[in-house]
There are 4 protein chains.
Amino acid sequence: MIIIMGKTSTQDQLKSVIDWVENHGYQTHVSEGEEVTIVGVVGNGRPIEQYQIERLEGVERTVRILEPYKLTSLDMRPEPTLIPLNGTKVGGKQVVVIAGPCSVESREQILETAKLVKEAGATALRGGAYKPRTSPYAFQGMGLAGLELLAEAKKVTGLPVVTEVMAPEQVTMVAQYADVLQIGARNMQNFNLLHAVGQTNHPVLLKRGMMNTLEELLMSAEHILSCGNSNVMLCERGIRTFERYTRNTFDVNAIPALKARTHLPVIADPSHATGHWQYVGAAALAAVAAGADGLMIEVHPHPEVALSDGLQSLKPDKFADLVVRLRAVAEAVGRTL
Amino acid sequence: MIIIMGKTSTQDQLKSVIDWVENHGYQTHVSEGEEVTIVGVVGNGRPIEQYQIERLEGVERTVRILEPYKLTSLDMRPEPTLIPLNGTKVGGKQVVVIAGPCSVESREQILETAKLVKEAGATALRGGAYKPRTSPYAFQGMGLAGLELLAEAKKVTGLPVVTEVMAPEQVTMVAQYADVLQIGARNMQNFNLLHAVGQTNHPVLLKRGMMNTLEELLMSAEHILSCGNSNVMLCERGIRTFERYTRNTFDVNAIPALKARTHLPVIADPSHATGHWQYVGAAALAAVAAGADGLMIEVHPHPEVALSDGLQSLKPDKFADLVVRLRAVAEAVGRTL
Amino acid sequence: MIIIMGKTSTQDQLKSVIDWVENHGYQTHVSEGEEVTIVGVVGNGRPIEQYQIERLEGVERTVRILEPYKLTSLDMRPEPTLIPLNGTKVGGKQVVVIAGPCSVESREQILETAKLVKEAGATALRGGAYKPRTSPYAFQGMGLAGLELLAEAKKVTGLPVVTEVMAPEQVTMVAQYADVLQIGARNMQNFNLLHAVGQTNHPVLLKRGMMNTLEELLMSAEHILSCGNSNVMLCERGIRTFERYTRNTFDVNAIPALKARTHLPVIADPSHATGHWQYVGAAALAAVAAGADGLMIEVHPHPEVALSDGLQSLKPDKFADLVVRLRAVAEAVGRTL
Amino acid sequence: MIIIMGKTSTQDQLKSVIDWVENHGYQTHVSEGEEVTIVGVVGNGRPIEQYQIERLEGVERTVRILEPYKLTSLDMRPEPTLIPLNGTKVGGKQVVVIAGPCSVESREQILETAKLVKEAGATALRGGAYKPRTSPYAFQGMGLAGLELLAEAKKVTGLPVVTEVMAPEQVTMVAQYADVLQIGARNMQNFNLLHAVGQTNHPVLLKRGMMNTLEELLMSAEHILSCGNSNVMLCERGIRTFERYTRNTFDVNAIPALKARTHLPVIADPSHATGHWQYVGAAALAAVAAGADGLMIEVHPHPEVALSDGLQSLKPDKFADLVVRLRAVAEAVGRTL
């Protein structure tokens with residue numbers, strides 16, 4: 001940490017600050033400039049919070065030097081984490097494609113979709129049985145019955161299942177049906193839920209909150225890793241901004257910015273990131289070009305009767321066309337799909 | 001709902017859209033302009049989602065007419081909801097002041113703070129026993145021991161307790177200690193948790209997520225009300241923007257904008273809304289002037305050793321001074337404090 | 001400046017960085033920690049940009065220590081700048097009220113409004129003759145004719161005139177009519193325009209861009225001050241966020257955050273900051289409570305025929321009522337109005 | 001336009017609204033629902049602003065039906081606008097690459113860079129002679145001398161020149177040197193400047209403001225087109241959000257969202273959109289995959305001594321490598337480069 005003293009701070013205040021810090025077990029290096037004095041804090045003492053020092057007399061502010069995440073960092077593990085999924089490894093050369101409806105709505109719907117996305121080349125099936133909905137009056141998911149339909153779709157198609165878990169007490173049950181436990185954007189900082197999935201061995205797909213920084217995303221992953229589960233995929237799904245032509249703003253920069261900091265795979269969700277089926281293709285192609293390790297795409301055979309997210313779901317034939325184009329771009333950047 | 005047909009849509013498409021809507025039990029009114037045709041949808045049919053219509057051929061977009069919240073709305077209940085707290089009513093003429101540390105840290109700390117804020121004129125005591133923290137390595141709260149210390153502080157001072165609950169399975173236990181159950185900003189859309197507190201009779205203080213619109217805040221309140229609990233206070237605590245001199249941007253507009261739509265009381269949290277003790281006073285005064293029904297203010301006797309939020313906590317003497325100034329402004333706008 | 005070396009940087013890289021910095025005329029202080037090495041840079045050398053150092057081999061990042069603004073800073077001038085306006089001083093004890101229509105639309109409109117706001121207690125008259133409009137098809141202002149009507153209104157009422165200047169070549173002409181030159185939000189970083197008003201002696205009201213940080217606002221003021229004109233009032237007028245119930249989000253925190261850094265007066269514009277006449281009163285009261293030195297409020301006698309900003313304009317009777325309430329709050333915080 | 005009457009509005013108010021609208025030359029269609037009444041407004045009357053109606057008694061709100069831009073719209077011109085540049089057409093099959101330093105700094109610097117980007121395959125040379133800078137103490141550009149150096153670089157390499165114009169009175173002069181006049185992000189709503197470039201025949205590259213919506217970008221283009229100049233390229237260059245790992249957030253969604261609305265070419269600037277050279281490549285590849293018609297990339301032979309934007313400039317060898325990868329992705333999506 002670096003401590004920046006106020007311009008009008010006194011030598012006594014400086015001395016008190018140095019004593020405070022050294023009493024916590026750190027060493028200090030003082031640089032006195034003409035305008036301000038800076039105190040570098042090094043060594044391994046007892047944990048201190050920046051604001052504790054900022055409340056000491058004479059201190060202007062402090063600057064953190066080290067990243068707050070550890071296990072998630074490339075420093076800790078320079079090679080990519082590979083997570084097995086349907087015979088391939090998420091985080092490796094192959095770009096994976098997770099596809100399916102927003103919600104499981106009926107046996108017919110999920111089986112039809114599963115077959116069609118499998119044919120088109122999907123790696124895994126997505127579908128929500130428990131749905132976080134802004135309105136209490138909207139469809140909240142089929143619950144356990146939905147999980148059972150996902151299991152049937154998996155049996156029929158062989159596609160592994162990615163599905164959301166919404167509360168700590170659901171984790172054990174959902175994990176019996178899910179190959180990948182999804183943490184939704186609204187739950188990215190539901191720490192009790194993060195701890196619950198951290199205590200399983202299951203792969204986790206952690207979606208970025210719509211207004212969370214990448215650092216907070218890495219810190220939420222750190223919550224999971226620090227509980228012992230390092231099979232975490234991060235998912236950029238669009239952030240909330242002032243722009244209104246699209247539902248969210250796809251932060252494609254997140255892909256290289258995360259890759260520069262962490263060994264965890266990075267998935268993109270162009271459906272939520274755009275909110276409109278017409279833009280899903282462009283965003284998906286962009287994600288692959290930018291280095292995403294996978295895509296999560298909403299596909300629904302009949303979007304006009306979908307019970308959720310109908311505007312951003314691709315019809316199966318559009319999805320099949322897109323997979324062909326995605327493969328071309330993947331190959332252009334040295335990947336497969 | 002209003003349906004706006006695309007400029008190049010055909011009469012057949014228009015007819016199909018009308019049939020689709022009428023088959024769901026609604027009536028339609030068509031306005032054909034020179035450039036576009038508009039279809040008004042009225043009556044009470046089966047629930048339809050906007051995107052379902054937007055996926056029909058020829059439709060450009062739809063416009064929602066009615067607000068999505070019902071029980072929360074002033075239409076449903078034109079007079080203010082009053083929630084009893086320490087002999088007064090939140091939502092009435094008196095502006096309430098909830099004060100205390102971010103976290104319960106020790107018996108000495110919470111008792112000292114409780115006594116000092118009581119003397120200064122606080123209506124209730126705040127303090128977290130379960131703390132959502134971005135970092136897994138930061139202090140996560142004292143848990144049950146913290147709740148017991150809050151109970152002791154209440155016994156000593158008579159101040160009712162406002163404390164956070166983080167997970168559905170904690171609700172019953174926390175409710176034994178808390179006079180008001182706080183839902184934190186990060187949990188504003190943790191719907192399982194909203195349903196759990198909705199099933200109690202306890203007053204709830206629902207904080208706006210830093211990333212959430214006011215409409216989403218009202219919808220989260222609707223989740224609680226629709227479970228049968230209408231003792232909900234809304235809390236504006238700052239939103240996330242691009243500005244960096246303050247931790248959050250205090251959306252003071254939220255106060256009149258919420259009051260224009262809902263009968264629920266509106267509380268402001270100037271501590272989180274600014275993130276810096278130097279600005280807490282100005283924001284608190286602004287909130288009262290703008291019509292807030294109450295304030296939630298972090299107070300810590302020794303911020304330089306606080307285990308959380310030390311930068312934004314007022315020292316007790318500053319808090320006592322602020323209460324005097326708050327009272328003057330409250331009276332200037334026809335309230336008491 | 002502080003230089004943070006990368007964790008894997010070498011001693012040779014450190015040496016090169018130190019040489020580079022010292023060759024520019026600075027001294028360095030090195031703090032070697034177990035994980036990272038920090039280099040403090042002090043003294044007065046040739047100007048260097050942070051990124052120049054960040055492009056040197058082995059450097060992780062740099063941290064700026066000093067604020068980038070000088071003349072605008074409280075360090076440079078600890079006492080408030082007072083700007084004369086209609087017999088009072090902006091920045092002193094009295095809270096000034098600048099009121100009038102968004103645009104000058106006709107002789108009758110501006111004279112009627114000027115008389116009414118004068119009666120209600122306004123300090124100055126606002127009104128735009130040159131209007132920046134998002135649409136090329138909207139009313140762009142009356143231009144010179146509008147300025148002449150403002151001069152007539154000033155003659156009749158004695159109210160000084162605040163009006164916008166949009167381009168460098170207009171400054172001389174507008175300055176003949178305006179007592180205060182307004183720089184609109186969209187022009188806050190139109191540096192040619194800032195330099196042009198900086199070369200006059202006229203008071204300037206500089207509005208914060210809806211997209212700009214407070215630091216950028218201070219830097220734009222610095223552009224004006226560095227040209228020799230220090231009669232600058234800063235104006236918070238709402239920033240753009242994700243919230244949609246209001247046109248902008250009023251950043252009331254800006255008032256104390258600016259006051260903590262600069263000697264320039266701070267004005268608030270609750271009309272633009274809310275965008276809706278129903279919320280203007282609450283925002284104006286909040287601004288005064290938070291310490292604003294003045295208010296700029298849109299008033300129109302017939303908003304339903306206004307050629308711009310009709311939704312956020314108060315009718316004169318509402319304005320007169322508001323002034324009474326504002327005065328009460330001003331007095332509650334030790335000011336007059 | 002659609003008018004939504006308030007739930008408690010009366011028949012008299014409805015009648016007054018209808019009269020008001022019909023008196024302006026429009027026809028009305030009324031849909032009376034159980035809860036609300038809607039008035040559709042069609043036909044071609046005198047211009048009215050939404051807020052004018054919203055201020056009428058009994059009106060809740062209004063909804064705009066038609067886009068506010070006309071000449072810029074695909075409705076007006078369904079085929080793409082093609083703008084000649086260096087033997088190709090911007091907006092056609094070929095993806096153009098505009099490359100060069102942020103600022104012209106010296107004869108040697110601009111000539112060296114021009115030659116290197118030409119060799120690497122650039123279509124045009126960028127370089128600023130007039131620089132908008134947040135700080136008055138930063139390098140403000142070489143001015144006329146910079147323009148002359150650009151002319152020399154053009155003569156030597158044959159590359160056309162893209163350079164910024166900052167004020168209306170500079171347009172004539174800059175147009176003598178520039179093949180494409182760039183309007184910077186901070187000037188996107190400097191309407192006097194838009195009108196000045198609109199009155200030339202010169203191609204214009206209009207950068208999106210960092211906090212402007214796509215609709216506002218289209219409206220600013222409309223300002224230029226409505227002055228008679230339709231050679232406008234739009235440029236997405238990143239928007240301001242809460243994310244801090246990158247300088248801006250690259251809104252890659254803007255590419256398909258603009259293409260769905262306008263016939264104008266869309267360029268992406270991955271340098272500003274990321275702010276860091278390490279991420280420029282990923283963002284550039286994403287832009288091409290998403291359908292951009294061109295790229296504008298900052299290249300500097302010695303970023304560690306650059307006078308502006310050194311952190312986001314690519315070194316020439318990195319740029320040359322990137323062009324090869326960009327070409328592969330362009331071909332994968334059916335374009336050339």
# chains A, B, ... in the order shown; residues from 1 in each chain; ligands from 1
call {"tool": "interface_residues", "arguments": {"of": "chain C", "to": "chain B", "cutoff": "6 Å", "atoms": "only C-alpha atoms", "output": "JSON, numbers by chain"}}
result
{"C": [213, 243, 256, 279, 282, 285, 286, 289, 290, 328, 329, 332]}
call {"tool": "residues_around", "arguments": {"residues": "Leu125 (chain C)", "least_positions_apart": "2", "cutoff": "7 Å", "atoms": "only C-alpha atoms", "output": "compact mmCIF listing (two decimals) with all heavy atoms, in the first residue's frame"}}
result
# COMPACT_ATOMS: atom_id res chain seq x y z
N ILE C 98 -31.28 32.11 -10.24
CA ILE C 98 -31.34 32.51 -11.64
C ILE C 98 -32.54 31.80 -12.25
O ILE C 98 -32.63 30.58 -12.20
CB ILE C 98 -30.04 32.09 -12.36
CG1 ILE C 98 -28.80 32.67 -11.65
CG2 ILE C 98 -30.08 32.47 -13.84
CD1 ILE C 98 -27.49 31.98 -12.04
N ALA C 99 -33.48 32.56 -12.79
CA ALA C 99 -34.72 31.93 -13.25
C ALA C 99 -35.15 32.53 -14.57
O ALA C 99 -34.83 33.67 -14.90
CB ALA C 99 -35.82 32.11 -12.20
N GLY C 100 -35.89 31.74 -15.33
CA GLY C 100 -36.40 32.21 -16.61
C GLY C 100 -36.61 31.04 -17.54
O GLY C 100 -36.40 29.88 -17.17
N ALA C 114 -39.84 37.58 -17.02
CA ALA C 114 -38.87 38.38 -16.26
C ALA C 114 -39.55 39.10 -15.10
O ALA C 114 -39.07 39.09 -13.96
CB ALA C 114 -38.17 39.37 -17.17
N GLY C 127 -32.26 32.80 -20.04
CA GLY C 127 -33.03 32.68 -21.26
C GLY C 127 -32.05 32.46 -22.40
O GLY C 127 -31.05 33.16 -22.50
N LEU C 159 -33.05 42.95 -13.78
CA LEU C 159 -32.38 41.66 -13.56
C LEU C 159 -31.23 41.47 -14.53
O LEU C 159 -31.40 41.64 -15.75
CB LEU C 159 -33.37 40.50 -13.77
CG LEU C 159 -34.47 40.32 -12.72
CD1 LEU C 159 -35.37 39.15 -13.13
CD2 LEU C 159 -33.88 40.07 -11.33
N PRO C 160 -30.07 41.10 -14.03
CA PRO C 160 -28.96 40.77 -14.94
C PRO C 160 -29.29 39.50 -15.72
O PRO C 160 -30.11 38.68 -15.28
CB PRO C 160 -27.78 40.55 -14.00
CG PRO C 160 -28.36 40.26 -12.67
CD PRO C 160 -29.70 40.94 -12.61
N VAL C 161 -28.62 39.35 -16.85
CA VAL C 161 -28.97 38.29 -17.81
C VAL C 161 -27.90 37.21 -17.86
O VAL C 161 -26.71 37.52 -17.97
CB VAL C 161 -29.17 38.93 -19.20
CG1 VAL C 161 -29.12 37.87 -20.30
CG2 VAL C 161 -30.48 39.69 -19.24
N VAL C 162 -28.35 35.96 -17.79
CA VAL C 162 -27.47 34.80 -17.98
C VAL C 162 -27.92 34.13 -19.27
O VAL C 162 -29.07 33.71 -19.39
CB VAL C 162 -27.63 33.79 -16.81
CG1 VAL C 162 -26.69 32.61 -17.01
CG2 VAL C 162 -27.38 34.48 -15.47
call {"tool": "select_by_dssp", "arguments": {"residues": "region 277-307 of chain A", "states": "strand (DSSP E or B)", "output": "PDB file with all heavy atoms, in the first residue's frame"}}
result
ATOM      1  N   GLY A 294     -16.004 -19.614 -25.091  1.00  0.00           N
ATOM      2  CA  GLY A 294     -17.289 -20.254 -25.333  1.00  0.00           C
ATOM      3  C   GLY A 294     -18.378 -19.224 -25.439  1.00  0.00           C
ATOM      4  O   GLY A 294     -18.174 -18.030 -25.183  1.00  0.00           O
ATOM      5  N   LEU A 295     -19.537 -19.695 -25.857  1.00  0.00           N
ATOM      6  CA  LEU A 295     -20.703 -18.839 -26.031  1.00  0.00           C
ATOM      7  C   LEU A 295     -21.888 -19.502 -25.359  1.00  0.00           C
ATOM      8  O   LEU A 295     -21.997 -20.733 -25.337  1.00  0.00           O
ATOM      9  CB  LEU A 295     -21.031 -18.676 -27.521  1.00  0.00           C
ATOM     10  CG  LEU A 295     -19.972 -17.968 -28.368  1.00  0.00           C
ATOM     11  CD1 LEU A 295     -20.299 -18.139 -29.851  1.00  0.00           C
ATOM     12  CD2 LEU A 295     -19.910 -16.488 -28.006  1.00  0.00           C
ATOM     13  N   MET A 296     -22.780 -18.689 -24.848  1.00  0.00           N
ATOM     14  CA  MET A 296     -24.040 -19.190 -24.327  1.00  0.00           C
ATOM     15  C   MET A 296     -25.132 -18.440 -25.083  1.00  0.00           C
ATOM     16  O   MET A 296     -25.208 -17.205 -24.976  1.00  0.00           O
ATOM     17  CB  MET A 296     -24.114 -18.913 -22.837  1.00  0.00           C
ATOM     18  CG  MET A 296     -25.385 -19.388 -22.233  1.00  0.00           C
ATOM     19  SD  MET A 296     -25.062 -20.253 -20.698  1.00  0.00           S
ATOM     20  CE  MET A 296     -25.670 -19.048 -19.573  1.00  0.00           C
ATOM     21  N   ILE A 297     -25.935 -19.169 -25.827  1.00  0.00           N
ATOM     22  CA  ILE A 297     -26.872 -18.537 -26.755  1.00  0.00           C
ATOM     23  C   ILE A 297     -28.287 -19.069 -26.516  1.00  0.00           C
ATOM     24  O   ILE A 297     -28.496 -20.283 -26.435  1.00  0.00           O
ATOM     25  CB  ILE A 297     -26.455 -18.816 -28.225  1.00  0.00           C
ATOM     26  CG1 ILE A 297     -25.044 -18.244 -28.478  1.00  0.00           C
ATOM     27  CG2 ILE A 297     -27.455 -18.228 -29.207  1.00  0.00           C
ATOM     28  CD1 ILE A 297     -24.514 -18.484 -29.886  1.00  0.00           C
ATOM     29  N   GLU A 298     -29.246 -18.154 -26.424  1.00  0.00           N
ATOM     30  CA  GLU A 298     -30.631 -18.592 -26.243  1.00  0.00           C
ATOM     31  C   GLU A 298     -31.271 -18.946 -27.585  1.00  0.00           C
ATOM     32  O   GLU A 298     -31.245 -18.148 -28.532  1.00  0.00           O
ATOM     33  CB  GLU A 298     -31.435 -17.499 -25.528  1.00  0.00           C
ATOM     34  CG  GLU A 298     -30.991 -17.390 -24.063  1.00  0.00           C
ATOM     35  CD  GLU A 298     -31.856 -16.492 -23.209  1.00  0.00           C
ATOM     36  OE1 GLU A 298     -32.712 -15.775 -23.770  1.00  0.00           O
ATOM     37  OE2 GLU A 298     -31.692 -16.517 -21.990  1.00  0.00           O
ATOM     38  N   VAL A 299     -31.851 -20.145 -27.600  1.00  0.00           N
ATOM     39  CA  VAL A 299     -32.511 -20.650 -28.809  1.00  0.00           C
ATOM     40  C   VAL A 299     -33.896 -21.139 -28.403  1.00  0.00           C
ATOM     41  O   VAL A 299     -34.030 -21.843 -27.395  1.00  0.00           O
ATOM     42  CB  VAL A 299     -31.705 -21.828 -29.423  1.00  0.00           C
ATOM     43  CG1 VAL A 299     -32.420 -22.400 -30.634  1.00  0.00           C
ATOM     44  CG2 VAL A 299     -30.291 -21.384 -29.780  1.00  0.00           C
TER      45      VAL A 299
END
call {"tool": "residues_around", "arguments": {"residues": "Pro203 (chain C)", "least_positions_apart": "3", "cutoff": "10 Å", "atoms": "only C-alpha atoms", "output": "number ranges by chain"}}
result
C: 83-85, 162, 175, 178-182, 197-198, 200, 206, 229-233
call {"tool": "atom_distance", "arguments": {"atom1": "CA of Asp19 (chain D)", "atom2": "CA of Gly6 (chain D)"}}
result
17.2 Å
call {"tool": "atom_distance", "arguments": {"atom1": "CA of Ser313 (chain B)", "atom2": "CA of Ala185 (chain B)"}}
result
17.9 Å
call {"tool": "residues_around", "arguments": {"residues": "region 12-14 of chain A", "least_positions_apart": "2", "cutoff": "10 Å", "atoms": "only C-alpha atoms", "output": "PyMOL selection string"}}
result
chain A and resi 5-6+9-10+16-20+30+37-39+56-59
call {"tool": "residues_around", "arguments": {"residues": "Gly33 (chain B)", "least_positions_apart": "3", "cutoff": "9 Å", "atoms": "only C-alpha atoms", "output": "number ranges by chain"}}
result
B: 36-38; D: 27, 41-43
call {"tool": "write_last_selection", "arguments": {"atoms": "N, CA, C and O atoms", "output": "PDB file, in the first residue's frame"}}
result
ATOM      1  N   VAL B  36     -47.189   4.984 -40.305  1.00  0.00           N
ATOM      2  CA  VAL B  36     -47.248   3.758 -39.509  1.00  0.00           C
ATOM      3  C   VAL B  36     -48.660   3.504 -39.001  1.00  0.00           C
ATOM      4  O   VAL B  36     -49.488   4.416 -38.909  1.00  0.00           O
ATOM      5  N   THR B  37     -48.897   2.241 -38.693  1.00  0.00           N
ATOM      6  CA  THR B  37     -50.172   1.831 -38.123  1.00  0.00           C
ATOM      7  C   THR B  37     -49.936   1.394 -36.681  1.00  0.00           C
ATOM      8  O   THR B  37     -48.955   0.726 -36.375  1.00  0.00           O
ATOM      9  N   ILE B  38     -50.861   1.835 -35.831  1.00  0.00           N
ATOM     10  CA  ILE B  38     -50.754   1.570 -34.403  1.00  0.00           C
ATOM     11  C   ILE B  38     -51.965   0.732 -33.983  1.00  0.00           C
ATOM     12  O   ILE B  38     -53.084   1.005 -34.427  1.00  0.00           O
TER      13      ILE B  38
ATOM     14  N   GLN D  27     -55.207  14.159 -36.934  1.00  0.00           N
ATOM     15  CA  GLN D  27     -56.381  13.367 -36.589  1.00  0.00           C
ATOM     16  C   GLN D  27     -56.089  12.547 -35.337  1.00  0.00           C
ATOM     17  O   GLN D  27     -54.939  12.252 -35.046  1.00  0.00           O
ATOM     18  N   VAL D  41     -52.292   9.742 -32.420  1.00  0.00           N
ATOM     19  CA  VAL D  41     -52.250  10.982 -33.187  1.00  0.00           C
ATOM     20  C   VAL D  41     -51.628  10.667 -34.545  1.00  0.00           C
ATOM     21  O   VAL D  41     -50.495  10.183 -34.607  1.00  0.00           O
ATOM     22  N   VAL D  42     -52.378  10.920 -35.619  1.00  0.00           N
ATOM     23  CA  VAL D  42     -51.823  10.638 -36.955  1.00  0.00           C
ATOM     24  C   VAL D  42     -52.046  11.833 -37.875  1.00  0.00           C
ATOM     25  O   VAL D  42     -52.789  12.769 -37.549  1.00  0.00           O
ATOM     26  N   GLY D  43     -51.370  11.798 -39.004  1.00  0.00           N
ATOM     27  CA  GLY D  43     -51.503  12.887 -39.969  1.00  0.00           C
ATOM     28  C   GLY D  43     -50.323  13.833 -39.914  1.00  0.00           C
ATOM     29  O   GLY D  43     -49.364  13.615 -39.178  1.00  0.00           O
TER      30      GLY D  43
END
call {"tool": "residues_around", "arguments": {"residues": "Tyr137 (chain D)", "least_positions_apart": "6", "cutoff": "10 Å", "atoms": "only C-alpha atoms", "output": "short mmCIF file (atom, residue, chain, number, x, y, z; two decimals) with N, CA, C and O atoms, in the first residue's frame"}}
result
data_model
loop_
_atom_site.label_atom_id
_atom_site.label_comp_id
_atom_site.auth_asym_id
_atom_site.auth_seq_id
_atom_site.Cartn_x
_atom_site.Cartn_y
_atom_site.Cartn_z
N PRO C 47 7.84 18.02 -17.89
CA PRO C 47 6.54 17.34 -17.82
C PRO C 47 6.63 15.94 -18.41
O PRO C 47 7.21 15.74 -19.47
N PRO C 68 -4.60 17.34 -11.02
CA PRO C 68 -4.15 17.94 -12.28
C PRO C 68 -4.56 19.41 -12.42
O PRO C 68 -4.11 20.07 -13.33
N TYR C 69 -5.39 19.90 -11.51
CA TYR C 69 -5.80 21.31 -11.61
C TYR C 69 -5.02 22.11 -10.59
O TYR C 69 -4.66 21.59 -9.53
N MET C 219 -11.12 20.69 -14.53
CA MET C 219 -10.11 20.91 -15.58
C MET C 219 -10.62 21.87 -16.65
O MET C 219 -9.85 22.66 -17.21
N GLU C 222 -10.25 25.12 -15.26
CA GLU C 222 -8.83 25.45 -15.32
C GLU C 222 -8.46 26.04 -16.69
O GLU C 222 -7.64 26.96 -16.77
N HIS C 223 -9.05 25.50 -17.74
CA HIS C 223 -8.83 26.08 -19.08
C HIS C 223 -9.21 27.57 -19.08
O HIS C 223 -8.49 28.39 -19.63
N SER C 226 -6.88 29.60 -16.72
CA SER C 226 -5.51 29.72 -17.23
C SER C 226 -5.43 30.73 -18.38
O SER C 226 -4.34 31.15 -18.77
#
call {"tool": "residues_around", "arguments": {"residues": "Thr62 (chain D)", "least_positions_apart": "2", "cutoff": "9 Å", "atoms": "only C-alpha atoms", "output": "VMD selection string"}}
result
chain D and resid 1 to 5 50 to 51 53 to 54 59 to 60 64
call {"tool": "select_by_dssp", "arguments": {"residues": "region 105-321 of chain D", "states": "alpha helix (DSSP H)", "output": "ChimeraX atom specification"}}
result
/D:107-120,144-157,171-177,191-198,214-226,254-259,270-274,277-290,316-321
call {"tool": "atom_distance", "arguments": {"atom1": "CA of Cys235 (chain B)", "atom2": "CA of Ala268 (chain B)"}}
result
5.4 Å
